[in-house]
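The block underneath contains the structure these notes are about, expressed in structure tokens.
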Amino acid sequence: MGDFNLALVIVAIVVCVIVFLFNVYLLVNYQHPDDANQAYFPKFVVVLGLSVAAISILMLPADVANRQACRHAIYNGACNLTLPMKDLWLAIYILDAVLVFFVIPFAMFYYEGDQDKTVGKRIKSALIWVVTTAIVCALVLGILYGLIGEVDFTVRHLSSTTTGFPNSWQFSSAQPCIGSTRQCSAYSANAASEKTWTMRTTFPEYVVALATIVGSVLFSIFGGVGIASLPLGLIFSFIRRPKAVITRSQYIKEATELAKKAKELKKAADALHQEERSGSKGRKWRKNVKAVEKELLQLEEDVNLLEEMYPQGEKAETSWALTVLGYLAKLVLGILGLIVSIAWIAHIIIYLLIDPPLSAFLNEVFIKLDDVWGLLGTAAFAFFCFYLLLAVIAGAMMLGLRLVFITIHPMKWGATLMNSFLFNVALILLCSISVIQFCSTAFAYYAQATAAQEIFGHTLQSLRGIKYLYKYNVFQIAFIILAGLTFVYYAAFGWRRRKPSGRFQLSS
């Protein structure tokens with residue numbers, strides 16, 4: 001067992017280093033050229049946030065492996081010598097909450113501050129916003145914790161009289177107790193024996209629980225939409241792909257129209273910038289900014305599509321071949337993603353929504369994979385959890401392009417500004433808590449007796465004022481409904497090409 005624990009510690013350290021280096025690689029390659037060699041604090045927050053989100057998801061498979069480390073021990077207290085997973089869970093999620101509600105907002109306020117101001121004034125302005133938020137959050141958390149920060153566990157109160165030892169022991173399903181009484185069996189006790197055992201939860205667990213609720217709302221919306229839009233978006237991108245290279249005259253005509261559109265957007269952006277300097281930043285201004293952002297994203301998509309349809313240069317044929325292969329890769333990944341999405345939806349219905357569950361489904365799959373090779377089931381388990389995070393990002397991007405009240409923060413290779421990075425990192429961090437809670441519930445059979453089960457399975461689902469959301473599967477039902485509506489939307493409209501918009505004008 002000691003060798004297994006040492007190996008687990010070494011694997012955990014190596015994985016953390018790999019995750020950190022991979023996030024640095026993402027930052028370097030996704031950052032906008034304007035942010036090169038500057039904005040170091042936001043970049044540090046981005047790398048730290050992405051690392052915390054990835055490590056938090058990988059901690060659940062590590063929790064399962066940690067539980068198995070003392071499963072076959074022959075002496076009491078063996079599990080006390082394994083990794084302190086409960087303390088690690090609380091530490092990682094307190095850090096998660098601090099990053100989401102304090103550090104990332106400060107970095108965003110500082111980064112988006114008026115560039116004409118000095119660094120000191122920008123820090124002061126960002127601190128005012130963050131301190132105000134911290135005071136409000138502290139008051140709300142303190143009041144809620146003082147009033148309803150308790151857990152109500154339903155237990156059975158069992159009692160029996162004393163009796164002498166019999167000469168022979170005869171136990172069976174019909175006779176589970178010594179003597180004639182059956183009261184020692186909790187399953188056969190009457191309903192009157194049920195009692196409510198109330199105890200106050202710890203403050204860190206309460207903070208994690210409330211953060212999980214906030215994340216669960218976002219997760220059920222974005223995740224429900226993204227679980228369908230992620231694979232179907234790739235498949236329908238292949239269906240709408242350019243079928244052949246256009247002629248030079250067609251290219252010139254399309255490029256001219258795009259140039260006109262770019263000039264209109266430049267004029268609109270200058271007008272909005274002038275309004276911002278004059279201080280008239282009302283509802284109409286924010287609506288126009290949102291409209292310009294959407295039009296700019298669509299213009300970039302049109303430019304990229306035009307470049308694909310008319311490759312230029314000495315390697316034009318090679319470029320077109322790579323374009324075709326890229327769309328074929330999208331089709332393959334879309335089909336594989338669709339299989340995973342259907343498996344997720346089927347598992348939620350079979351294992352979570354139907355009581356009692358029809359089957360353990362994916363739980364049994366992971367266990368059988370572990371029997372084939374020790375880490376195979378763990379790897380598949382981690383993949384399904386990561387897929388939910390990808391679905392959340394896909395859902396946020398889809399709704400951001402269609403709903404006015406959701407800000408667009410696209411992630412593009414070599415063209416992602418730090419405020420978009422920070423927004424997406426905050427979304428990933430906030431939803432990662434809910435993804436872990438969702439996975440620990442959906443895979444309760446596979447992840448049983450873990451520290452995550454204790455925090456997210458028992459405490460969270462018994463917390464006063466919150467437990468009914470989980471008792472009646474509110475988030476799971478919302479997830480399935482939104483996934484179904486998104487499937488219908490793509491089936492009805494996903495195959496259509498987007499019509500080019502007309503002349504762009506700011507709303508008056």
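Letters A, B, ... mark the chains of the structure tokens in the order given; residue numbers begin at 1 per chain; ligand numbers begin at 1, in order shown.
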Report as an MDAnalysis selection string: the residues of range 323-464 of chain A with a DSSP assignment of helix (DSSP H, G or I), based on the backbone of this structure. chainID A and resid 323:353 362:372 376:400 418:442 451:462
CA of Ile104 in chain A to CA of Leu48 in chain A measures 10.5 Å
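When only C-alpha atoms are used to compute distances to Leu296 in chain A, the closest of the residues A:Ile235, A:Glu264, A:Leu376, A:Glu275 turns out to be A:Glu264.
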Would you pick out the contacts of Phe366 in chain A at 7 Å or less, using only C-alpha atoms, so that residues sharing its chain but fewer than 4 positions from it are not included, and give the list as a ChimeraX atom specification? /A:362,370,377,380-381
May I have the selected residues written with N, CA and C atoms, as a compact mmCIF listing (two decimals), in the first residue's frame?
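Resulting contents of again01.txt:
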# COMPACT_ATOMS: atom_id res chain seq x y z
N LEU A 362 -22.97 3.68 -17.40
CA LEU A 362 -21.57 4.08 -17.54
C LEU A 362 -20.74 3.68 -16.33
N ASP A 370 -11.65 -0.74 -15.89
CA ASP A 370 -10.63 -0.88 -14.85
C ASP A 370 -10.14 -2.31 -14.72
N GLY A 377 -10.36 2.72 -16.97
CA GLY A 377 -11.64 3.24 -16.50
C GLY A 377 -11.51 4.64 -15.94
N ALA A 380 -11.26 7.04 -18.89
CA ALA A 380 -12.57 7.24 -19.51
C ALA A 380 -13.45 8.12 -18.63
N PHE A 381 -13.37 7.92 -17.32
CA PHE A 381 -14.12 8.72 -16.36
C PHE A 381 -13.73 10.19 -16.46
Please determine, counting only C-alpha atoms, which residue among A:Ala228, A:Arg122, A:Thr201, A:Trp344 has the shortest atom-to-atom distance to Leu147 in chain A.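 Among the listed residues, A:Thr201 lies closest to Leu147 in chain A.
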Within 7 Å of range 463-478 of chain A, counting only C-alpha atoms, which residues show up once you throw out same-chain ones fewer than 2 positions away? Write them as a PyMOL selection string, please. chain A and resi 148-152+216+220+459-461+480-482
